[in-house]
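Accompanying notes for the structure given below.
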Amino acid sequence: MRNILKNDGVKTFIASIICILCGLFLGFIVLLFIEPSGALTAIVNIIKNFFYYSRTDLQLKYLGHTLVKTAPLVMCSLSVLFAYKVGLFNIGVAGQYVVGACACLYAALVLGWSWIFCMLFAGLSGALYGALGGLLKAFKNVNEVISGIMLNWIALYATNMILSNPNAKNASSPYTYDISVKGQNAKLPSAGLESFFNDNIYITIAIPLAIIVAVLIWVILEKTKLGFELKATGLNKHAAKYCGMHEKRNIIVSLAVSGLLAGLGASFFYLTDFEQWKVTSSTIPHICFDGIAGAFLGGLNPIGAIFSSLFIQHITDGGSNVDLSIYCSQISGLISSIIIYLCGFVGFLKMVIDNAGKRNMKGEK
Amino acid sequence: MLTVLLLQYTLLFACILSLVAVGGMFCERSGIFSLHLEGLMCVGAMAGALMMRCLPNDVPALAIIIATLVVSLVVGMLYSSLLGIAAIHFNADQTLIGTAMNILGVAFSTVIVKSLNTISNPNDHSSLVTYINQKKAFIVNINGFEFYWIMLIALVILVVAYIILYKTRFGLRLMSCGEHPQAAAAVGINVYKMRWAGILISGALGGIGGIAYIMAGVSEWHFEYGVNGFGFLALAVMIFGKWRPQNIIISALLFAFFKALADVSSQADTLSNLCIPSGIYKMLPYIISLIVLAFTSAKSRAPKAEGIPYDPSAR
């Protein structure tokens with residue numbers, strides 16, 4: 001028992017589970033306040049998500065929908081956690097994601113590129129946008145949180161303007177054209193994966209790619225010199241500089257990689273044709289902030305981020321199963337924001353678990 | 001007409017920005033990173049708007065003003081105490097908590113407003129609150145220039161804030177907690193109390209700022225949009241204002257002008273005839289603040305202990 005509790009991974013896991021349970025419980029209380037009679041069914045439906053449907057083929061189809069949206073979420077989580085390892089809070093992930101969406105949709109719809117180039121273009125644009133924040137931080141001492149927020153809004157309005165191009169936007173609706181209508185080359189290939197999900201046409205290689213990228217990020221952070229330098233810079237900038245590491249370069253590189261991940265994530269979503277960009281939108285896509293939740297709930301571990309992202313997307317999609325004549329689907333957004341808030345208490349929870357472990361040891365002696 | 005409109009919105013936005021920024025300043029001067037302003041404004045706005053909707057039309061104007069502002073203020077303080085609990089007593093990462101509170105603020109107010117709308121009318125699933133008549137209590141029309149009482153209130157609060165911060169024992173103690181809390185504790189100042197005071201002041205002013213913002217130019221509000229990043233602008237105003245009330249007013253005027261330009265551009269023909277897409281105007285406040293921050297941040301000195309959890313045993 002005491003050996004298990006000493007393991008940091010186990011402690012993080014327990015703390016994350018406690019956060020999730022508390023978040024769900026508080027969400028349940030909010031539901032109770034709105035309308036007590038249906039609250040239990042509602043929270044159960046949120047947790048069930050695709051299990052809500054009784055037929056297996058429908059279950060598989062909706063599981064597919066959740067996975068399609070999980071792939072970009074994993075990328076956003078990775079983006080946040082990569083920067084956080086270097087001591088930077090990359091709230092600019094939203095802007096980098098939006099820029100990535102803009103790049104891949106423009107390349108797909110206006111320039112007619114094939115999917116691989118659209119994807120790389122999205123990643124590159126995100127990386128450059130992230131590096132902009134990094135440059136401001138490294139050379140001008142601008143807090144990356146503030147510059148990130150400003151860049152988010154600039155990216156949103158710029159994207160709305162660029163995608164209003166008549167070649168990209170449907171003249172009669174505020175949405176961009178479907179990829180399948182006007183840029184078939186750009187749709188991500190499915191590699192036969194859709195047959196596992198009841199021929200869900202949105203299933204593409206984005207899902208396995210996101211997992212591969214997560215593993216790659218883990219390798220970079222844990223097994224390479226670059227990862228070591230980045231983490232050292234995050235732990236103590238001055239010590240890293242003293243050891244001959246380029247702390248300014250490391251800040252820029254880490255935000256560029258963050259941006260790359262976010263940009264790729266956007267292409268993983270918009271090139272599946274699941275959703276189109278709405279050029280009149282005045283809010284940043286929700287997924288970017290869920291990425292922050294995913295990163296912290298996953299204990300800032302790339303592999304953990306896969307599971308936490310899947311969970312967050314699972315309850316977000318489950319939100320549409322509540323009885324919409326009484327509740328609103330935003331309740332799952334509320335639950336995931338409560339979970340992010342509670343993630344702030346993980347340090348405290350770990351301390352409690354530590355103390356419990358010590359007490360256990362004393363008891364055994 | 002256009003200049004009057006521009007002047008009116010510039011002054012109004014400047015007042016709101018400086019209100020919220022001064023609130024954030026108290027928070028940061030006590031040593032807590034005030035990223036939560038956006039969510040705070042949203043929740044304060046939600047509370048105030050619902051209060052206004054509840055009030056019947058025949059209530060005297062003064063009562064409407066007082067009731068609305070008090071509700072926003074109290075709810076803002078309550079909401080900011082979420083930050084207080086996490087950051088002061090549980091040593092949580094303040095950036096993470098601030099971000100969570102921003103998302104939570106929007107999600108929470110959307111859920112509340114939508115549920116109330118659905119309860120009163122089962123077919124209504126919008127997050128809209130309308131307060132056309134009640135809003136009139138806040139405005140005095142002087143020859144086309146709409147004077148908002150909130151401007152006067154903001155001015156008074158700014159003067160009081162200046163006096164409190166620099167001329168009272170409380171303000172000086174609060175500032176010391178943001179610079180070196182251990183030293184402050186050594187001379188007998190209760191750091192926890194001071195930080196709570198800072199957070200609650202930010203909550204009160206942020207709440208009022210929120211309700212004032214959603215009254216500017218409109219009489220209804222969709223809460224799923226939050227407050228459109230206005231809280232973040234206030235944060236930039238505070239940083240550009242170097243955490244000093246007198247500088248905050250000047251920087252608020254600068255930011256407010258560009259924000260007003262963005263808002264007025266959509267209404268006025270002369271500006272849209274310049275063939276500049278409205279997106280550019282919307283981006284302007286953020287681009288300007290980014291440029292301004294790039295040139296001022298190198299020398300800017302944030303409160304030294306800001307964002308660092310207070311550890312009484314550290315030296």
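The chains in the structure tokens are called A, B, ... from first to last as shown; in each chain the residues are counted from 1, and the ligands are counted from 1 in the order shown.
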
Using only C-alpha atoms and a cut-off of 9 Å, which residues of chain A sit close to chain B? Please list them as a PDB file with N, CA, C and O atoms, in the first residue's frame.
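See iface_19.pdb below for the written result:
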```pdb
ATOM      1  N   ILE A  34     -31.761  23.571 -10.583  1.00  0.00           N
ATOM      2  CA  ILE A  34     -32.583  23.973 -11.726  1.00  0.00           C
ATOM      3  C   ILE A  34     -33.916  23.236 -11.691  1.00  0.00           C
ATOM      4  O   ILE A  34     -34.976  23.841 -11.836  1.00  0.00           O
ATOM      5  N   PHE A  89       2.465  29.380 -19.377  1.00  0.00           N
ATOM      6  CA  PHE A  89       1.049  29.027 -19.420  1.00  0.00           C
ATOM      7  C   PHE A  89       0.527  29.462 -20.781  1.00  0.00           C
ATOM      8  O   PHE A  89       0.275  30.638 -21.002  1.00  0.00           O
ATOM      9  N   ILE A  91      -1.995  30.109 -22.800  1.00  0.00           N
ATOM     10  CA  ILE A  91      -3.423  30.333 -23.018  1.00  0.00           C
ATOM     11  C   ILE A  91      -3.636  30.728 -24.471  1.00  0.00           C
ATOM     12  O   ILE A  91      -4.743  30.693 -24.994  1.00  0.00           O
ATOM     13  N   LEU A 136       7.837  37.818 -28.033  1.00  0.00           N
ATOM     14  CA  LEU A 136       7.441  38.907 -27.151  1.00  0.00           C
ATOM     15  C   LEU A 136       7.879  38.622 -25.721  1.00  0.00           C
ATOM     16  O   LEU A 136       8.317  39.507 -24.998  1.00  0.00           O
ATOM     17  N   LYS A 137       7.754  37.352 -25.326  1.00  0.00           N
ATOM     18  CA  LYS A 137       8.128  36.980 -23.958  1.00  0.00           C
ATOM     19  C   LYS A 137       9.647  37.073 -23.782  1.00  0.00           C
ATOM     20  O   LYS A 137      10.143  37.627 -22.809  1.00  0.00           O
ATOM     21  N   PHE A 139      12.094  38.583 -25.640  1.00  0.00           N
ATOM     22  CA  PHE A 139      12.852  39.809 -25.866  1.00  0.00           C
ATOM     23  C   PHE A 139      12.186  41.048 -25.297  1.00  0.00           C
ATOM     24  O   PHE A 139      12.835  42.050 -25.050  1.00  0.00           O
ATOM     25  N   LYS A 140      10.867  41.001 -25.121  1.00  0.00           N
ATOM     26  CA  LYS A 140      10.187  42.205 -24.645  1.00  0.00           C
ATOM     27  C   LYS A 140       9.566  42.005 -23.270  1.00  0.00           C
ATOM     28  O   LYS A 140       8.879  42.897 -22.769  1.00  0.00           O
ATOM     29  N   ASN A 141       9.748  40.833 -22.675  1.00  0.00           N
ATOM     30  CA  ASN A 141       9.275  40.598 -21.313  1.00  0.00           C
ATOM     31  C   ASN A 141       7.763  40.750 -21.171  1.00  0.00           C
ATOM     32  O   ASN A 141       7.261  41.143 -20.126  1.00  0.00           O
ATOM     33  N   VAL A 142       7.020  40.470 -22.261  1.00  0.00           N
ATOM     34  CA  VAL A 142       5.565  40.538 -22.167  1.00  0.00           C
ATOM     35  C   VAL A 142       5.069  39.219 -21.594  1.00  0.00           C
ATOM     36  O   VAL A 142       5.412  38.155 -22.095  1.00  0.00           O
ATOM     37  N   ASN A 143       4.283  39.306 -20.553  1.00  0.00           N
ATOM     38  CA  ASN A 143       3.720  38.110 -19.941  1.00  0.00           C
ATOM     39  C   ASN A 143       2.993  37.283 -21.001  1.00  0.00           C
ATOM     40  O   ASN A 143       2.157  37.797 -21.732  1.00  0.00           O
ATOM     41  N   VAL A 145       0.752  35.119 -20.850  1.00  0.00           N
ATOM     42  CA  VAL A 145      -0.695  34.979 -20.696  1.00  0.00           C
ATOM     43  C   VAL A 145      -1.417  36.164 -21.338  1.00  0.00           C
ATOM     44  O   VAL A 145      -2.370  36.014 -22.097  1.00  0.00           O
ATOM     45  N   ILE A 146      -0.906  37.363 -21.047  1.00  0.00           N
ATOM     46  CA  ILE A 146      -1.555  38.561 -21.586  1.00  0.00           C
ATOM     47  C   ILE A 146      -1.421  38.588 -23.107  1.00  0.00           C
ATOM     48  O   ILE A 146      -2.394  38.801 -23.832  1.00  0.00           O
ATOM     49  N   SER A 147      -0.182  38.370 -23.604  1.00  0.00           N
ATOM     50  CA  SER A 147      -0.008  38.449 -25.056  1.00  0.00           C
ATOM     51  C   SER A 147      -0.815  37.351 -25.724  1.00  0.00           C
ATOM     52  O   SER A 147      -1.394  37.555 -26.792  1.00  0.00           O
ATOM     53  N   ILE A 149      -3.677  36.116 -24.784  1.00  0.00           N
ATOM     54  CA  ILE A 149      -5.092  36.496 -24.846  1.00  0.00           C
ATOM     55  C   ILE A 149      -5.328  37.495 -25.969  1.00  0.00           C
ATOM     56  O   ILE A 149      -6.268  37.375 -26.752  1.00  0.00           O
ATOM     57  N   MET A 150      -4.425  38.474 -26.061  1.00  0.00           N
ATOM     58  CA  MET A 150      -4.572  39.471 -27.126  1.00  0.00           C
ATOM     59  C   MET A 150      -4.469  38.791 -28.492  1.00  0.00           C
ATOM     60  O   MET A 150      -5.256  39.064 -29.404  1.00  0.00           O
ATOM     61  N   LEU A 151      -3.494  37.891 -28.635  1.00  0.00           N
ATOM     62  CA  LEU A 151      -3.302  37.210 -29.918  1.00  0.00           C
ATOM     63  C   LEU A 151      -4.508  36.338 -30.255  1.00  0.00           C
ATOM     64  O   LEU A 151      -4.848  36.172 -31.426  1.00  0.00           O
ATOM     65  N   TRP A 153      -7.677  37.002 -29.680  1.00  0.00           N
ATOM     66  CA  TRP A 153      -8.745  37.822 -30.285  1.00  0.00           C
ATOM     67  C   TRP A 153      -8.346  38.284 -31.670  1.00  0.00           C
ATOM     68  O   TRP A 153      -9.161  38.307 -32.595  1.00  0.00           O
ATOM     69  N   ILE A 154      -7.059  38.652 -31.810  1.00  0.00           N
ATOM     70  CA  ILE A 154      -6.602  39.090 -33.135  1.00  0.00           C
ATOM     71  C   ILE A 154      -6.774  37.946 -34.127  1.00  0.00           C
ATOM     72  O   ILE A 154      -7.274  38.134 -35.241  1.00  0.00           O
ATOM     73  N   ALA A 155      -6.395  36.722 -33.710  1.00  0.00           N
ATOM     74  CA  ALA A 155      -6.506  35.566 -34.604  1.00  0.00           C
ATOM     75  C   ALA A 155      -7.961  35.331 -34.989  1.00  0.00           C
ATOM     76  O   ALA A 155      -8.267  35.060 -36.151  1.00  0.00           O
ATOM     77  N   LEU A 156      -8.852  35.465 -34.022  1.00  0.00           N
ATOM     78  CA  LEU A 156     -10.270  35.198 -34.297  1.00  0.00           C
ATOM     79  C   LEU A 156     -10.812  36.153 -35.362  1.00  0.00           C
ATOM     80  O   LEU A 156     -11.401  35.731 -36.360  1.00  0.00           O
ATOM     81  N   TYR A 157     -10.575  37.459 -35.160  1.00  0.00           N
ATOM     82  CA  TYR A 157     -11.128  38.429 -36.111  1.00  0.00           C
ATOM     83  C   TYR A 157     -10.434  38.319 -37.465  1.00  0.00           C
ATOM     84  O   TYR A 157     -11.078  38.461 -38.511  1.00  0.00           O
ATOM     85  N   ALA A 158      -9.118  38.047 -37.442  1.00  0.00           N
ATOM     86  CA  ALA A 158      -8.400  37.915 -38.714  1.00  0.00           C
ATOM     87  C   ALA A 158      -8.925  36.714 -39.487  1.00  0.00           C
ATOM     88  O   ALA A 158      -9.157  36.782 -40.694  1.00  0.00           O
ATOM     89  N   ASN A 160     -11.885  35.331 -39.275  1.00  0.00           N
ATOM     90  CA  ASN A 160     -13.210  35.654 -39.805  1.00  0.00           C
ATOM     91  C   ASN A 160     -13.106  36.449 -41.097  1.00  0.00           C
ATOM     92  O   ASN A 160     -13.862  36.230 -42.040  1.00  0.00           O
ATOM     93  N   MET A 161     -12.139  37.373 -41.132  1.00  0.00           N
ATOM     94  CA  MET A 161     -11.988  38.195 -42.326  1.00  0.00           C
ATOM     95  C   MET A 161     -11.445  37.380 -43.493  1.00  0.00           C
ATOM     96  O   MET A 161     -11.937  37.477 -44.619  1.00  0.00           O
ATOM     97  N   SER A 282     -18.061  35.176 -32.682  1.00  0.00           N
ATOM     98  CA  SER A 282     -17.380  36.176 -31.872  1.00  0.00           C
ATOM     99  C   SER A 282     -16.854  35.549 -30.596  1.00  0.00           C
ATOM    100  O   SER A 282     -16.488  36.243 -29.668  1.00  0.00           O
ATOM    101  N   THR A 283     -16.851  34.213 -30.549  1.00  0.00           N
ATOM    102  CA  THR A 283     -16.207  33.555 -29.419  1.00  0.00           C
ATOM    103  C   THR A 283     -15.190  32.556 -29.941  1.00  0.00           C
ATOM    104  O   THR A 283     -15.330  32.026 -31.036  1.00  0.00           O
ATOM    105  N   PHE A 289     -10.113  25.830 -24.621  1.00  0.00           N
ATOM    106  CA  PHE A 289     -10.086  25.926 -23.166  1.00  0.00           C
ATOM    107  C   PHE A 289     -10.243  24.551 -22.538  1.00  0.00           C
ATOM    108  O   PHE A 289      -9.701  24.291 -21.461  1.00  0.00           O
ATOM    109  N   ILE A 292      -6.934  23.108 -21.886  1.00  0.00           N
ATOM    110  CA  ILE A 292      -6.292  23.433 -20.608  1.00  0.00           C
ATOM    111  C   ILE A 292      -6.734  22.422 -19.556  1.00  0.00           C
ATOM    112  O   ILE A 292      -5.925  21.889 -18.799  1.00  0.00           O
ATOM    113  N   ALA A 293      -8.044  22.130 -19.552  1.00  0.00           N
ATOM    114  CA  ALA A 293      -8.553  21.138 -18.604  1.00  0.00           C
ATOM    115  C   ALA A 293      -7.903  19.789 -18.855  1.00  0.00           C
ATOM    116  O   ALA A 293      -7.475  19.108 -17.920  1.00  0.00           O
ATOM    117  N   PHE A 296      -4.228  19.603 -17.515  1.00  0.00           N
ATOM    118  CA  PHE A 296      -4.041  19.546 -16.062  1.00  0.00           C
ATOM    119  C   PHE A 296      -4.685  18.311 -15.453  1.00  0.00           C
ATOM    120  O   PHE A 296      -4.158  17.724 -14.518  1.00  0.00           O
ATOM    121  N   LEU A 324     -33.521  18.690 -23.008  1.00  0.00           N
ATOM    122  CA  LEU A 324     -33.283  20.093 -23.341  1.00  0.00           C
ATOM    123  C   LEU A 324     -34.490  20.979 -23.061  1.00  0.00           C
ATOM    124  O   LEU A 324     -34.383  22.198 -23.146  1.00  0.00           O
ATOM    125  N   SER A 325     -35.649  20.382 -22.724  1.00  0.00           N
ATOM    126  CA  SER A 325     -36.762  21.253 -22.382  1.00  0.00           C
ATOM    127  C   SER A 325     -36.651  21.739 -20.938  1.00  0.00           C
ATOM    128  O   SER A 325     -37.359  22.648 -20.534  1.00  0.00           O
ATOM    129  N   ILE A 326     -35.764  21.118 -20.153  1.00  0.00           N
ATOM    130  CA  ILE A 326     -35.560  21.568 -18.771  1.00  0.00           C
ATOM    131  C   ILE A 326     -34.164  22.157 -18.594  1.00  0.00           C
ATOM    132  O   ILE A 326     -33.986  23.249 -18.086  1.00  0.00           O
ATOM    133  N   TYR A 327     -33.144  21.413 -19.038  1.00  0.00           N
ATOM    134  CA  TYR A 327     -31.766  21.833 -18.822  1.00  0.00           C
ATOM    135  C   TYR A 327     -31.171  22.319 -20.135  1.00  0.00           C
ATOM    136  O   TYR A 327     -31.774  22.188 -21.195  1.00  0.00           O
ATOM    137  N   CYS A 328     -29.946  22.880 -20.054  1.00  0.00           N
ATOM    138  CA  CYS A 328     -29.284  23.264 -21.292  1.00  0.00           C
ATOM    139  C   CYS A 328     -27.985  22.477 -21.413  1.00  0.00           C
ATOM    140  O   CYS A 328     -27.430  22.014 -20.419  1.00  0.00           O
ATOM    141  N   SER A 329     -27.507  22.320 -22.655  1.00  0.00           N
ATOM    142  CA  SER A 329     -26.353  21.442 -22.875  1.00  0.00           C
ATOM    143  C   SER A 329     -25.078  22.053 -22.299  1.00  0.00           C
ATOM    144  O   SER A 329     -24.086  21.353 -22.119  1.00  0.00           O
ATOM    145  N   GLN A 330     -25.099  23.359 -22.004  1.00  0.00           N
ATOM    146  CA  GLN A 330     -23.893  23.996 -21.453  1.00  0.00           C
ATOM    147  C   GLN A 330     -23.536  23.464 -20.076  1.00  0.00           C
ATOM    148  O   GLN A 330     -22.478  23.761 -19.547  1.00  0.00           O
ATOM    149  N   ILE A 331     -24.431  22.666 -19.496  1.00  0.00           N
ATOM    150  CA  ILE A 331     -24.159  22.137 -18.161  1.00  0.00           C
ATOM    151  C   ILE A 331     -22.865  21.330 -18.156  1.00  0.00           C
ATOM    152  O   ILE A 331     -22.112  21.360 -17.185  1.00  0.00           O
ATOM    153  N   SER A 332     -22.557  20.652 -19.286  1.00  0.00           N
ATOM    154  CA  SER A 332     -21.311  19.879 -19.302  1.00  0.00           C
ATOM    155  C   SER A 332     -20.107  20.807 -19.398  1.00  0.00           C
ATOM    156  O   SER A 332     -19.046  20.499 -18.850  1.00  0.00           O
ATOM    157  N   GLY A 333     -20.287  21.967 -20.065  1.00  0.00           N
ATOM    158  CA  GLY A 333     -19.218  22.955 -20.051  1.00  0.00           C
ATOM    159  C   GLY A 333     -18.971  23.449 -18.638  1.00  0.00           C
ATOM    160  O   GLY A 333     -17.829  23.646 -18.218  1.00  0.00           O
ATOM    161  N   LEU A 334     -20.065  23.616 -17.902  1.00  0.00           N
ATOM    162  CA  LEU A 334     -19.951  24.045 -16.510  1.00  0.00           C
ATOM    163  C   LEU A 334     -19.175  23.006 -15.703  1.00  0.00           C
ATOM    164  O   LEU A 334     -18.268  23.340 -14.939  1.00  0.00           O
ATOM    165  N   ILE A 335     -19.519  21.723 -15.926  1.00  0.00           N
ATOM    166  CA  ILE A 335     -18.830  20.662 -15.185  1.00  0.00           C
ATOM    167  C   ILE A 335     -17.344  20.660 -15.526  1.00  0.00           C
ATOM    168  O   ILE A 335     -16.498  20.598 -14.636  1.00  0.00           O
ATOM    169  N   SER A 336     -17.013  20.789 -16.833  1.00  0.00           N
ATOM    170  CA  SER A 336     -15.578  20.728 -17.131  1.00  0.00           C
ATOM    171  C   SER A 336     -14.856  21.964 -16.607  1.00  0.00           C
ATOM    172  O   SER A 336     -13.695  21.867 -16.204  1.00  0.00           O
ATOM    173  N   SER A 337     -15.532  23.128 -16.534  1.00  0.00           N
ATOM    174  CA  SER A 337     -14.823  24.276 -15.961  1.00  0.00           C
ATOM    175  C   SER A 337     -14.665  24.115 -14.454  1.00  0.00           C
ATOM    176  O   SER A 337     -13.662  24.565 -13.892  1.00  0.00           O
ATOM    177  N   ILE A 338     -15.631  23.468 -13.809  1.00  0.00           N
ATOM    178  CA  ILE A 338     -15.456  23.199 -12.374  1.00  0.00           C
ATOM    179  C   ILE A 338     -14.260  22.263 -12.186  1.00  0.00           C
ATOM    180  O   ILE A 338     -13.459  22.437 -11.261  1.00  0.00           O
ATOM    181  N   ILE A 339     -14.132  21.297 -13.107  1.00  0.00           N
ATOM    182  CA  ILE A 339     -13.003  20.358 -12.985  1.00  0.00           C
ATOM    183  C   ILE A 339     -11.672  21.097 -13.153  1.00  0.00           C
ATOM    184  O   ILE A 339     -10.724  20.851 -12.410  1.00  0.00           O
ATOM    185  N   ILE A 340     -11.611  22.054 -14.097  1.00  0.00           N
ATOM    186  CA  ILE A 340     -10.359  22.821 -14.243  1.00  0.00           C
ATOM    187  C   ILE A 340     -10.059  23.555 -12.945  1.00  0.00           C
ATOM    188  O   ILE A 340      -8.919  23.576 -12.472  1.00  0.00           O
ATOM    189  N   TYR A 341     -11.096  24.172 -12.376  1.00  0.00           N
ATOM    190  CA  TYR A 341     -10.900  24.910 -11.124  1.00  0.00           C
ATOM    191  C   TYR A 341     -10.344  23.975 -10.053  1.00  0.00           C
ATOM    192  O   TYR A 341      -9.391  24.295  -9.346  1.00  0.00           O
ATOM    193  N   LEU A 342     -10.945  22.785  -9.962  1.00  0.00           N
ATOM    194  CA  LEU A 342     -10.513  21.853  -8.924  1.00  0.00           C
ATOM    195  C   LEU A 342      -9.098  21.332  -9.180  1.00  0.00           C
ATOM    196  O   LEU A 342      -8.408  20.946  -8.239  1.00  0.00           O
ATOM    197  N   CYS A 343      -8.675  21.339 -10.455  1.00  0.00           N
ATOM    198  CA  CYS A 343      -7.305  20.900 -10.758  1.00  0.00           C
ATOM    199  C   CYS A 343      -6.286  21.779 -10.020  1.00  0.00           C
ATOM    200  O   CYS A 343      -5.165  21.351  -9.771  1.00  0.00           O
ATOM    201  N   GLY A 344      -6.685  23.010  -9.688  1.00  0.00           N
ATOM    202  CA  GLY A 344      -5.803  23.865  -8.920  1.00  0.00           C
ATOM    203  C   GLY A 344      -5.510  23.299  -7.545  1.00  0.00           C
ATOM    204  O   GLY A 344      -4.521  23.662  -6.907  1.00  0.00           O
ATOM    205  N   PHE A 345      -6.364  22.401  -7.074  1.00  0.00           N
ATOM    206  CA  PHE A 345      -6.191  21.848  -5.730  1.00  0.00           C
ATOM    207  C   PHE A 345      -5.397  20.547  -5.745  1.00  0.00           C
ATOM    208  O   PHE A 345      -5.253  19.913  -4.717  1.00  0.00           O
ATOM    209  N   VAL A 346      -4.911  20.148  -6.965  1.00  0.00           N
ATOM    210  CA  VAL A 346      -4.228  18.859  -7.062  1.00  0.00           C
ATOM    211  C   VAL A 346      -3.017  18.810  -6.136  1.00  0.00           C
ATOM    212  O   VAL A 346      -2.776  17.812  -5.457  1.00  0.00           O
ATOM    213  N   GLY A 347      -2.268  19.932  -6.079  1.00  0.00           N
ATOM    214  CA  GLY A 347      -1.102  19.969  -5.208  1.00  0.00           C
ATOM    215  C   GLY A 347      -1.485  19.670  -3.769  1.00  0.00           C
ATOM    216  O   GLY A 347      -0.841  18.871  -3.080  1.00  0.00           O
ATOM    217  N   PHE A 348      -2.567  20.293  -3.335  1.00  0.00           N
ATOM    218  CA  PHE A 348      -3.039  20.084  -1.974  1.00  0.00           C
ATOM    219  C   PHE A 348      -3.476  18.634  -1.767  1.00  0.00           C
ATOM    220  O   PHE A 348      -3.134  18.004  -0.758  1.00  0.00           O
TER     221      PHE A 348
END
```

Open item on the list: With only C-alpha atoms as the counted atoms, please give the residues lying no more than 12 Å from B:Val160, apart from itself and same-chain residues fewer than 6 positions off, as an MDAnalysis selection string.
Closed with: chainID B and resid 19 22 153:154 166:168 171 245:246

Would you save the residues from that selection as a JSON list (two decimals), in the first residue's frame, using C-alpha atoms?
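Result went into selection_23.json, see below:
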```
[["chain", "number", "residue", "atom", "x", "y", "z"],
["B", 19, "LEU", "CA", -12.95, 50.59, -12.51],
["B", 22, "VAL", "CA", -8.25, 49.42, -10.31],
["B", 153, "ILE", "CA", -19.52, 56.61, -9.63],
["B", 154, "ALA", "CA", -16.34, 55.44, -11.33],
["B", 166, "TYR", "CA", -1.40, 55.77, -0.87],
["B", 167, "LYS", "CA", -2.73, 57.69, 2.12],
["B", 168, "THR", "CA", -4.09, 55.10, 4.50],
["B", 171, "GLY", "CA", -3.39, 50.66, 1.52],
["B", 245, "PRO", "CA", -4.42, 54.45, -10.18],
["B", 246, "GLN", "CA", -3.35, 57.73, -11.79]]
```

TODO: Compare B:Ile201, B:Ala47, B:Ile214, B:Ala260 by their minimum atom-to-atom distance to B:Ile157, counting only C-alpha atoms, and give me the closest one.
DONE: B:Ile201

Task: Contacts of A:Ala103 at 9 Å (only C-alpha atoms; same-chain gap of 4+ positions) as number ranges by chain - done: A: 98-99, 107-108, 118-119, 121-126, 159, 263, 267
